[in-house]
file work24.cif (mmCIF, C-alpha atoms)
data_protein
#
loop_
_atom_site.group_PDB
_atom_site.id
_atom_site.type_symbol
_atom_site.label_atom_id
_atom_site.label_comp_id
_atom_site.auth_asym_id
_atom_site.auth_seq_id
_atom_site.Cartn_x
_atom_site.Cartn_y
_atom_site.Cartn_z
ATOM 1 C CA MET A 1 -35.568 -24.124 -84.790
ATOM 2 C CA ALA A 2 -38.632 -22.961 -86.718
ATOM 3 C CA ILE A 3 -40.299 -21.837 -83.493
ATOM 4 C CA SER A 4 -37.149 -19.991 -82.409
ATOM 5 C CA ARG A 5 -36.993 -18.257 -85.785
ATOM 6 C CA LEU A 6 -40.632 -17.206 -85.470
ATOM 7 C CA ILE A 7 -39.967 -15.794 -82.010
ATOM 8 C CA LEU A 8 -36.988 -13.806 -83.314
ATOM 9 C CA VAL A 9 -39.047 -12.472 -86.223
ATOM 10 C CA PHE A 10 -41.831 -11.518 -83.809
ATOM 11 C CA PHE A 11 -39.475 -9.548 -81.575
ATOM 12 C CA TYR A 12 -37.852 -7.957 -84.620
ATOM 13 C CA TYR A 13 -41.180 -6.525 -85.758
ATOM 14 C CA ILE A 14 -41.984 -5.415 -82.232
ATOM 15 C CA MET A 15 -38.727 -3.432 -82.201
ATOM 16 C CA VAL A 16 -39.513 -1.954 -85.620
ATOM 17 C CA LEU A 17 -42.921 -0.816 -84.398
ATOM 18 C CA VAL A 18 -41.374 0.704 -81.283
ATOM 19 C CA ASN A 19 -38.825 2.586 -83.372
ATOM 20 C CA ILE A 20 -41.545 3.854 -85.707
ATOM 21 C CA SER A 21 -43.581 4.972 -82.707
ATOM 22 C CA GLU A 22 -40.582 6.851 -81.343
ATOM 23 C CA GLN A 23 -39.893 8.520 -84.673
ATOM 24 C CA GLN A 24 -43.479 9.670 -84.915
ATOM 25 C CA GLN A 25 -43.151 11.426 -81.573
ATOM 26 C CA LEU A 26 -40.020 13.375 -82.487
ATOM 27 C CA PRO A 27 -40.726 17.110 -82.916
ATOM 28 C CA ASN A 28 -41.061 18.567 -86.398
ATOM 29 C CA SER A 29 -37.644 20.131 -87.033
ATOM 30 C CA THR A 30 -39.137 22.382 -89.714
ATOM 31 C CA THR A 31 -40.701 24.649 -87.096
ATOM 32 C CA ILE A 32 -39.208 23.359 -83.830
ATOM 33 C CA SER A 33 -35.656 24.187 -82.788
ATOM 34 C CA THR A 34 -33.866 20.922 -82.015
ATOM 35 C CA CYS A 35 -30.427 20.378 -80.518
ATOM 36 C CA ASN A 36 -27.747 17.785 -79.871
ATOM 37 C CA PHE A 37 -28.127 17.347 -76.133
ATOM 38 C CA THR A 38 -24.842 15.457 -75.777
ATOM 39 C CA ALA A 39 -22.875 18.274 -77.428
ATOM 40 C CA CYS A 40 -24.693 21.028 -75.555
ATOM 41 C CA ASN A 41 -24.212 19.267 -72.232
ATOM 42 C CA SER A 42 -20.606 18.106 -72.589
ATOM 43 C CA GLN A 43 -19.202 21.072 -74.531
ATOM 44 C CA ARG A 44 -21.414 23.678 -72.848
ATOM 45 C CA THR A 45 -22.418 24.936 -76.284
ATOM 46 C CA PRO A 46 -25.538 27.161 -76.287
ATOM 47 C CA CYS A 47 -28.283 25.748 -78.476
ATOM 48 C CA SER A 48 -29.550 29.195 -79.475
ATOM 49 C CA SER A 49 -28.436 32.782 -79.894
ATOM 50 C CA ASN A 50 -31.195 33.528 -77.385
ATOM 51 C CA ARG A 51 -29.404 32.947 -74.092
ATOM 52 C CA ASN A 52 -32.717 32.286 -72.358
ATOM 53 C CA CYS A 53 -33.029 29.035 -74.315
ATOM 54 C CA GLU A 54 -31.758 25.660 -73.107
ATOM 55 C CA CYS A 55 -31.456 22.190 -74.612
ATOM 56 C CA PHE A 56 -33.931 19.746 -73.031
ATOM 57 C CA SER A 57 -33.291 16.083 -73.882
ATOM 58 C CA LEU A 58 -36.218 14.010 -75.124
ATOM 59 C CA THR A 59 -37.119 10.970 -73.054
ATOM 60 C CA ILE A 60 -37.697 8.929 -76.223
ATOM 61 C CA SER A 61 -34.227 9.805 -77.552
ATOM 62 C CA PRO A 62 -31.980 11.303 -74.838
ATOM 63 C CA SER A 63 -29.209 12.384 -77.230
ATOM 64 C CA VAL A 64 -31.710 14.574 -79.087
ATOM 65 C CA GLY A 65 -33.334 17.605 -77.521
ATOM 66 C CA ILE A 66 -35.525 20.610 -78.094
ATOM 67 C CA CYS A 67 -33.980 24.047 -77.746
ATOM 68 C CA ALA A 68 -36.639 25.889 -75.755
ATOM 69 C CA SER A 69 -37.042 29.057 -73.743
ATOM 70 C CA ALA A 70 -36.490 28.130 -70.095
ATOM 71 C CA VAL A 71 -39.034 30.588 -68.718
ATOM 72 C CA LEU A 72 -41.278 28.064 -66.997
ATOM 73 C CA SER A 73 -40.875 26.915 -63.416
ATOM 74 C CA CYS A 74 -41.577 23.350 -62.325
ATOM 75 C CA THR A 75 -44.991 24.445 -61.076
ATOM 76 C CA ASP A 76 -45.903 25.634 -64.592
ATOM 77 C CA VAL A 77 -45.454 22.208 -66.202
ATOM 78 C CA VAL A 78 -47.006 18.799 -65.634
ATOM 79 C CA ARG A 79 -45.404 15.408 -65.263
ATOM 80 C CA CYS A 80 -45.254 13.099 -68.279
ATOM 81 C CA ASN A 81 -47.518 10.065 -68.387
ATOM 82 C CA THR A 82 -46.373 7.002 -66.446
ATOM 83 C CA ASP A 83 -44.648 5.646 -69.568
ATOM 84 C CA ASN A 84 -42.275 8.660 -69.364
ATOM 85 C CA ARG A 85 -42.665 9.078 -73.118
ATOM 86 C CA THR A 86 -46.015 10.712 -73.772
ATOM 87 C CA CYS A 87 -47.892 13.724 -72.425
ATOM 88 C CA PRO A 88 -51.513 14.263 -71.361
ATOM 89 C CA ILE A 89 -51.499 17.768 -72.880
ATOM 90 C CA GLU A 90 -51.511 18.515 -76.605
ATOM 91 C CA ASN A 91 -48.631 20.433 -78.212
ATOM 92 C CA THR A 92 -46.160 19.400 -75.508
ATOM 93 C CA VAL A 93 -43.317 16.879 -75.514
ATOM 94 C CA CYS A 94 -41.861 14.736 -72.728
ATOM 95 C CA VAL A 95 -38.362 15.887 -71.738
ATOM 96 C CA ASN A 96 -35.882 14.991 -69.011
ATOM 97 C CA SER A 97 -35.669 17.748 -66.429
ATOM 98 C CA THR A 98 -32.861 17.692 -63.874
ATOM 99 C CA ARG A 99 -34.232 20.908 -62.405
ATOM 100 C CA CYS A 100 -37.656 19.372 -61.727
ATOM 101 C CA GLY A 101 -36.227 15.957 -60.868
ATOM 102 C CA GLN A 102 -38.633 14.102 -63.168
ATOM 103 C CA PRO A 103 -39.734 13.908 -66.820
ATOM 104 C CA VAL A 104 -42.057 16.812 -67.609
ATOM 105 C CA CYS A 105 -44.201 17.941 -70.539
ATOM 106 C CA TYR A 106 -42.716 21.047 -72.149
ATOM 107 C CA PRO A 107 -44.723 23.276 -74.539
ATOM 108 C CA LEU A 108 -43.485 23.070 -78.122
ATOM 109 C CA ALA A 109 -44.464 26.723 -78.602
ATOM 110 C CA LEU A 110 -41.438 27.663 -76.487
ATOM 111 C CA ALA A 111 -39.179 25.685 -78.840
ATOM 112 C CA ASN A 112 -40.351 27.481 -81.964
ATOM 113 C CA LYS A 113 -37.453 28.584 -84.175
ATOM 114 C CA LEU A 114 -38.628 32.178 -83.858
ATOM 115 C CA VAL A 115 -38.257 31.954 -80.080
ATOM 116 C CA CYS A 116 -34.990 29.991 -80.044
ATOM 117 C CA PRO A 117 -33.133 30.616 -83.327
ATOM 118 C CA LYS A 118 -30.126 28.420 -84.042
ATOM 119 C CA ASN A 119 -26.786 29.477 -82.599
ATOM 120 C CA THR A 120 -24.693 29.936 -85.759
ATOM 121 C CA THR A 121 -20.927 30.158 -85.374
ATOM 122 C CA ALA A 122 -18.101 30.656 -87.862
ATOM 123 C CA ARG A 123 -14.363 30.347 -87.292
ATOM 124 C CA ALA A 124 -12.010 32.902 -88.818
ATOM 125 C CA GLY A 125 -8.331 33.268 -87.907
ATOM 126 C CA GLY A 126 -8.756 30.993 -84.912
ATOM 127 C CA LEU A 127 -11.572 33.134 -83.477
ATOM 128 C CA THR A 128 -15.182 32.098 -83.118
ATOM 129 C CA ASN A 129 -17.721 34.698 -84.255
ATOM 130 C CA THR A 130 -21.256 34.217 -82.961
ATOM 131 C CA THR A 131 -24.180 35.603 -84.909
ATOM 132 C CA ARG A 132 -26.833 36.796 -82.474
ATOM 133 C CA SER A 133 -30.397 36.901 -83.669
ATOM 134 C CA THR A 134 -32.916 39.213 -82.088
ATOM 135 C CA THR A 135 -35.441 37.134 -80.212
ATOM 136 C CA ARG A 136 -38.683 38.027 -81.944
ATOM 137 C CA GLY A 137 -40.927 35.345 -80.561
ATOM 138 C CA ILE A 138 -44.077 34.166 -82.299
ATOM 139 C CA ASP A 139 -45.634 36.949 -84.339
ATOM 140 C CA SER A 140 -48.470 34.965 -85.891
ATOM 141 C CA PHE A 141 -50.110 31.565 -85.970
ATOM 142 C CA SER A 142 -53.137 30.165 -87.754
ATOM 143 C CA GLY A 143 -56.018 28.143 -86.407
ATOM 144 C CA VAL A 144 -57.073 27.758 -82.790
ATOM 145 C CA GLN A 145 -54.214 26.939 -80.412
ATOM 146 C CA LEU A 146 -54.448 24.915 -77.204
ATOM 147 C CA ASN A 147 -52.214 25.473 -74.159
ATOM 148 C CA PHE A 148 -50.551 28.533 -75.666
ATOM 149 C CA ILE A 149 -47.728 30.173 -73.688
ATOM 150 C CA THR A 150 -48.176 33.948 -73.815
ATOM 151 C CA SER A 151 -44.482 34.557 -73.105
ATOM 152 C CA SER A 152 -43.701 32.974 -76.487
ATOM 153 C CA LEU A 153 -45.353 35.919 -78.286
ATOM 154 C CA SER A 154 -43.183 38.518 -79.967
ATOM 155 C CA SER A 155 -42.787 41.926 -78.368
ATOM 156 C CA ALA A 156 -45.255 43.293 -80.934
ATOM 157 C CA TRP A 157 -48.073 41.695 -78.942
ATOM 158 C CA LEU A 158 -49.206 43.488 -75.797
ATOM 159 C CA PRO A 159 -51.939 42.586 -73.295
ATOM 160 C CA CYS A 160 -54.772 45.100 -73.425
ATOM 161 C CA TYR A 161 -57.599 43.457 -71.481
ATOM 162 C CA THR A 162 -57.862 40.914 -68.672
ATOM 163 C CA ALA A 163 -60.945 40.237 -66.557
ATOM 164 C CA THR A 164 -62.531 37.277 -64.834
ATOM 165 C CA TYR A 165 -65.382 35.446 -66.484
ATOM 166 C CA GLY A 166 -67.657 36.912 -63.838
ATOM 167 C CA THR A 167 -67.038 40.395 -65.272
ATOM 168 C CA ASN A 168 -69.861 41.442 -67.591
ATOM 169 C CA MET A 169 -69.061 42.713 -71.084
ATOM 170 C CA PHE A 170 -72.005 45.050 -71.532
ATOM 171 C CA ALA A 171 -72.402 47.057 -74.723
ATOM 172 C CA ASP A 172 -71.475 50.186 -72.751
ATOM 173 C CA ALA A 173 -68.147 48.624 -71.709
ATOM 174 C CA LEU A 174 -67.092 47.316 -75.124
ATOM 175 C CA PRO A 175 -66.120 50.710 -76.648
ATOM 176 C CA SER A 176 -63.656 51.235 -73.798
ATOM 177 C CA ILE A 177 -62.267 47.700 -74.186
ATOM 178 C CA LEU A 178 -61.853 48.092 -77.941
ATOM 179 C CA ALA A 179 -60.284 51.526 -77.483
ATOM 180 C CA SER A 180 -57.640 49.934 -75.258
ATOM 181 C CA CYS A 181 -57.275 47.026 -77.686
ATOM 182 C CA ASN A 182 -56.858 49.226 -80.753
ATOM 183 C CA GLY A 183 -54.304 47.177 -82.695
ATOM 184 C CA THR A 184 -54.849 46.010 -86.255
ATOM 185 C CA ARG A 185 -54.594 42.428 -84.999
ATOM 186 C CA LEU A 186 -56.268 40.886 -81.973
ATOM 187 C CA LEU A 187 -55.673 37.702 -79.990
ATOM 188 C CA LEU A 188 -58.451 36.287 -77.809
ATOM 189 C CA GLY A 189 -57.783 33.672 -75.163
ATOM 190 C CA CYS A 190 -58.787 32.361 -71.768
ATOM 191 C CA ARG A 191 -57.143 30.615 -68.840
ATOM 192 C CA PRO A 192 -57.402 29.861 -65.134
ATOM 193 C CA VAL A 193 -56.579 32.984 -63.117
ATOM 194 C CA GLY A 194 -52.831 33.214 -62.501
ATOM 195 C CA SER A 195 -51.829 30.771 -65.240
ATOM 196 C CA ALA A 196 -49.127 31.612 -67.800
ATOM 197 C CA VAL A 197 -50.825 29.332 -70.316
ATOM 198 C CA LEU A 198 -53.898 30.193 -72.367
ATOM 199 C CA THR A 199 -56.168 27.153 -72.405
ATOM 200 C CA VAL A 200 -57.382 28.137 -75.865
ATOM 201 C CA ALA A 201 -56.338 31.058 -78.081
ATOM 202 C CA ALA A 202 -56.737 32.424 -81.591
ATOM 203 C CA MET A 203 -55.537 35.524 -83.432
ATOM 204 C CA GLY A 204 -56.621 37.378 -86.532
ATOM 205 C CA ASP A 205 -57.038 40.699 -88.290
ATOM 206 C CA ARG A 206 -59.193 43.134 -86.353
ATOM 207 C CA ALA A 207 -61.950 43.197 -88.980
ATOM 208 C CA ALA A 208 -62.260 39.399 -88.860
ATOM 209 C CA VAL A 209 -62.219 39.135 -85.065
ATOM 210 C CA LEU A 210 -64.930 41.814 -84.852
ATOM 211 C CA TYR A 211 -67.104 40.472 -87.669
ATOM 212 C CA ASP A 212 -70.646 41.389 -86.593
ATOM 213 C CA CYS A 213 -72.950 38.374 -86.700
ATOM 214 C CA GLY A 214 -75.700 40.029 -84.693
ATOM 215 C CA SER A 215 -77.761 37.300 -83.030
ATOM 216 C CA ALA A 216 -77.524 34.785 -85.894
ATOM 217 C CA ARG A 217 -77.193 31.303 -84.417
ATOM 218 C CA GLN A 218 -74.701 29.811 -86.897
ATOM 219 C CA CYS A 219 -72.907 32.864 -88.267
ATOM 220 C CA THR A 220 -69.095 32.869 -88.460
ATOM 221 C CA TYR A 221 -66.498 34.624 -90.583
ATOM 222 C CA VAL A 222 -63.646 32.236 -91.386
ATOM 223 C CA ALA A 223 -60.204 33.838 -91.537
ATOM 224 C CA ASN A 224 -56.734 32.598 -90.564
ATOM 225 C CA GLY A 225 -58.146 29.130 -89.925
ATOM 226 C CA VAL A 226 -60.626 30.428 -87.328
ATOM 227 C CA GLY A 227 -64.395 30.944 -87.413
ATOM 228 C CA TRP A 228 -65.046 34.350 -85.788
ATOM 229 C CA TYR A 229 -68.258 35.963 -84.563
ATOM 230 C CA TYR A 230 -69.031 39.168 -82.680
ATOM 231 C CA SER A 231 -71.935 41.271 -81.494
ATOM 232 C CA ASP A 232 -71.936 44.103 -78.980
ATOM 233 C CA SER A 233 -75.194 42.820 -77.500
ATOM 234 C CA TYR A 234 -75.103 39.028 -77.933
ATOM 235 C CA SER A 235 -71.755 37.180 -77.831
ATOM 236 C CA TRP A 236 -68.129 37.215 -78.977
ATOM 237 C CA GLY A 237 -65.888 34.267 -79.690
ATOM 238 C CA PHE A 238 -64.543 31.716 -82.136
ATOM 239 C CA VAL A 239 -64.498 28.101 -83.280
ATOM 240 C CA ASN A 240 -61.833 26.178 -85.138
ATOM 241 C CA GLY A 241 -61.922 26.594 -88.910
ATOM 242 C CA THR A 242 -65.296 25.822 -90.421
ATOM 243 C CA ASP A 243 -66.783 24.182 -87.319
ATOM 244 C CA ILE A 244 -70.454 25.028 -86.787
ATOM 245 C CA VAL A 245 -71.257 27.487 -84.019
ATOM 246 C CA ALA A 246 -74.478 27.156 -81.987
ATOM 247 C CA ARG A 247 -75.078 30.544 -80.326
ATOM 248 C CA ASN A 248 -77.772 30.848 -77.661
ATOM 249 C CA SER A 249 -76.602 33.567 -76.966
ATOM 250 C CA CYS A 250 -73.172 32.001 -76.374
ATOM 251 C CA ASP A 251 -71.945 29.011 -78.320
ATOM 252 C CA GLU A 252 -73.287 25.712 -76.969
ATOM 253 C CA GLY A 253 -71.658 23.557 -79.651
ATOM 254 C CA SER A 254 -70.052 20.316 -78.490
ATOM 255 C CA SER A 255 -67.965 19.149 -81.459
ATOM 256 C CA ASN A 256 -64.275 20.011 -81.007
ATOM 257 C CA ALA A 257 -65.316 21.573 -77.707
ATOM 258 C CA ASP A 258 -61.730 22.258 -76.616
ATOM 259 C CA TYR A 259 -61.317 24.647 -79.559
ATOM 260 C CA ARG A 260 -64.247 26.937 -78.689
ATOM 261 C CA LEU A 261 -64.345 30.234 -76.812
ATOM 262 C CA CYS A 262 -67.382 32.399 -76.109
ATOM 263 C CA TRP A 263 -68.061 35.495 -74.018
ATOM 264 C CA HIS A 264 -71.499 37.011 -73.456
ATOM 265 C CA THR A 265 -71.696 40.658 -74.506
ATOM 266 C CA GLY A 266 -75.279 41.183 -73.425
ATOM 267 C CA GLY A 267 -74.543 40.443 -69.767
ATOM 268 C CA SER A 268 -73.854 37.323 -67.681
ATOM 269 C CA GLY A 269 -70.057 37.390 -68.011
ATOM 270 C CA GLY A 270 -68.663 34.026 -69.290
ATOM 271 C CA TYR A 271 -69.650 31.544 -70.880
ATOM 272 C CA ARG A 272 -67.020 29.058 -72.067
ATOM 273 C CA CYS A 273 -63.267 28.490 -72.221
ATOM 274 C CA GLY A 274 -62.766 25.467 -74.417
ATOM 275 C CA ALA A 275 -64.740 22.523 -73.063
ATOM 276 C CA THR A 276 -65.221 24.246 -69.695
ATOM 277 C CA ILE A 277 -68.677 25.828 -69.773
ATOM 278 C CA GLY A 278 -71.098 27.586 -67.437
ATOM 279 C CA LEU A 279 -68.535 30.213 -66.404
ATOM 280 C CA ASN A 280 -71.026 33.096 -66.408
ATOM 281 C CA SER A 281 -70.275 34.207 -62.832
ATOM 282 C CA ASP A 282 -66.942 32.469 -62.382
ATOM 283 C CA THR A 283 -64.003 34.329 -60.815
ATOM 284 C CA THR A 284 -61.396 31.563 -61.189
ATOM 285 C CA TRP A 285 -61.182 31.813 -64.999
ATOM 286 C CA GLU A 286 -60.259 34.925 -66.947
ATOM 287 C CA LYS A 287 -60.742 36.456 -70.385
ATOM 288 C CA VAL A 288 -57.602 37.773 -72.086
ATOM 289 C CA ILE A 289 -57.059 40.007 -75.129
ATOM 290 C CA TYR A 290 -53.731 40.944 -76.744
ATOM 291 C CA HIS A 291 -53.284 43.370 -79.618
ATOM 292 C CA ALA A 292 -50.580 44.146 -82.177
ATOM 293 C CA ASN A 293 -50.056 46.105 -85.382
#
call {"tool": "encode", "arguments": {"input": "work24.cif", "output": "structure tokens"}}
result
Amino acid sequence: MAISRLILVFFYYIMVLVNISEQQQLPNSTTISTCNFTACNSQRTPCSSNRNCECFSLTISPSVGICASAVLSCTDVVRCNTDNRTCPIENTVCVNSTRCGQPVCYPLALANKLVCPKNTTARAGGLTNTTRSTTRGIDSFSGVQLNFITSSLSSAWLPCYTATYGTNMFADALPSILASCNGTRLLLGCRPVGSAVLTVAAMGDRAAVLYDCGSARQCTYVANGVGWYYSDSYSWGFVNGTDIVARNSCDEGSSNADYRLCWHTGGSGGYRCGATIGLNSDTTWEKVIYHAN
């Protein structure tokens, strides 16, 4: 009997740990739009006033879902890990997808409450009045973001520059680039050519993004959770927060490598998009700039 009791206690704590693990993986409802998948599915109730949003059930808790913009095709997402609960990509969550026929990792940025605001309804005199919110999208974020979906940006943000890493950013070309990207706020990012997802991205006020560090090896200007540096004849890029930059001329730092971006401005194109380095003449990766006021 004592052994049986010990076995039961053991399995009880295993179940507790599993439940805790599941709870820790549930999205943060403070910023992420969640939904009751059972209600949305059975009653055909929209989860958001944005009709482009759908309720995707979580594999760890099928009755609960994220209300996310359904702009991605099955080729734009990756399959969940073999446990069908976790994802190999940060800032994504494993959801059931009948359209893709398998559990897939969906970007949490597309489930932001600014992208998919709650569908609020009120009954009066037997009629249902739906309050429609204008879909603004994400207008700002702090810190360096990984795997950022550009379609989740608000309409205030517009692309103003795209070129492969093999394209040189000479000092003579920068005035034209900055004239096209003339907004008071700038977003820098990079991605494989043709991708809808920026591998790494950061945004900030124009003055911060263009803070002139000359050729100083460890110079950054920290603003909006990002360490910025710029020179029209050396390099341009960012690191996360107060991380140390190691410019030579581009940043060769290895700590938090995924959160680093650097472009040569004295020639040679590239150099890095996150942890992927040596892109000086590469034509399969591209540099991207958005601007907004």
call {"tool": "atom_distance", "arguments": {"input": "work24.cif", "atom1": "atom CA of Asp258 of chain A", "atom2": "atom CA of Asn147 of chain A"}}
result
10.3 Å
call {"tool": "resolve_selection", "arguments": {"input": "work24.cif", "expression": "the PyMOL selection byres ((chain A and resi 162) around 9)", "output": "ChimeraX atom specification"}}
result
/A:159-161,163-164,286-289
call {"tool": "write_last_selection", "arguments": {"input": "work24.cif", "atoms": "C-alpha atoms", "output": "mmCIF file, in the coordinates of the input"}}
result
data_model
loop_
_atom_site.group_PDB
_atom_site.id
_atom_site.type_symbol
_atom_site.label_atom_id
_atom_site.label_comp_id
_atom_site.auth_asym_id
_atom_site.auth_seq_id
_atom_site.Cartn_x
_atom_site.Cartn_y
_atom_site.Cartn_z
ATOM 1 C CA PRO A 159 -51.939 42.586 -73.295
ATOM 2 C CA CYS A 160 -54.772 45.100 -73.425
ATOM 3 C CA TYR A 161 -57.599 43.457 -71.481
ATOM 4 C CA ALA A 163 -60.945 40.237 -66.557
ATOM 5 C CA THR A 164 -62.531 37.277 -64.834
ATOM 6 C CA GLU A 286 -60.259 34.925 -66.947
ATOM 7 C CA LYS A 287 -60.742 36.456 -70.385
ATOM 8 C CA VAL A 288 -57.602 37.773 -72.086
ATOM 9 C CA ILE A 289 -57.059 40.007 -75.129
#
call {"tool": "resolve_selection", "arguments": {"input": "work24.cif", "expression": "the PyMOL selection byres ((chain A and resi 218) around 10)", "output": "MDAnalysis selection string"}}
result
chainID A and resid 213 215:217 219:220 229 243:248 251
call {"tool": "residues_around", "arguments": {"input": "work24.cif", "residues": "Leu198 of chain A", "least_positions_apart": "2", "cutoff": "10 Å", "atoms": "all atoms listed in the file", "output": "list in words"}}
result
Gln145, Leu146, Asn147, Phe148, Ile149, Thr150, Leu188, Gly189, Cys190, Arg191, Pro192, Ser195, Ala196, Val200, Ala201, Ala202, Cys273, Glu286, Lys287 and Val288 of chain A
call {"tool": "atom_distance", "arguments": {"input": "work24.cif", "atom1": "atom CA of Ser152 of chain A", "atom2": "atom CA of Ser140 of chain A"}}
result
10.7 Å
call {"tool": "atom_distance", "arguments": {"input": "work24.cif", "atom1": "atom CA of Tyr221 of chain A", "atom2": "atom CA of Met203 of chain A"}}
result
13.1 Å
call {"tool": "build_atoms", "arguments": {"input": "work24.cif", "residues": "segment 82-93 of chain A", "atoms": "N, CA and C atoms", "output": "short mmCIF file (atom, residue, chain, number, x, y, z; two decimals), in the frame of the given file"}}
result
data_model
loop_
_atom_site.label_atom_id
_atom_site.label_comp_id
_atom_site.auth_asym_id
_atom_site.auth_seq_id
_atom_site.Cartn_x
_atom_site.Cartn_y
_atom_site.Cartn_z
N THR A 82 -47.17 8.00 -67.17
CA THR A 82 -46.37 7.00 -66.45
C THR A 82 -45.39 6.26 -67.34
N ASP A 83 -45.60 6.30 -68.67
CA ASP A 83 -44.65 5.65 -69.57
C ASP A 83 -43.39 6.49 -69.77
N ASN A 84 -43.41 7.74 -69.23
CA ASN A 84 -42.28 8.66 -69.36
C ASN A 84 -41.90 8.91 -70.83
N ARG A 85 -42.90 8.86 -71.69
CA ARG A 85 -42.66 9.08 -73.12
C ARG A 85 -43.71 10.01 -73.72
N THR A 86 -44.91 9.95 -73.21
CA THR A 86 -46.02 10.71 -73.77
C THR A 86 -46.54 11.72 -72.76
N CYS A 87 -47.37 12.65 -73.27
CA CYS A 87 -47.89 13.72 -72.42
C CYS A 87 -49.42 13.77 -72.48
N PRO A 88 -50.05 14.16 -71.38
CA PRO A 88 -51.51 14.26 -71.36
C PRO A 88 -52.02 15.56 -71.98
N ILE A 89 -51.12 16.47 -72.34
CA ILE A 89 -51.50 17.77 -72.88
C ILE A 89 -51.01 17.88 -74.32
N GLU A 90 -51.89 18.35 -75.20
CA GLU A 90 -51.51 18.52 -76.60
C GLU A 90 -50.44 19.59 -76.76
N ASN A 91 -49.66 19.45 -77.85
CA ASN A 91 -48.63 20.43 -78.21
C ASN A 91 -47.54 20.56 -77.15
N THR A 92 -47.29 19.46 -76.43
CA THR A 92 -46.16 19.40 -75.51
C THR A 92 -45.38 18.13 -75.81
N VAL A 93 -44.15 18.06 -75.29
CA VAL A 93 -43.32 16.88 -75.51
C VAL A 93 -42.65 16.51 -74.20
#
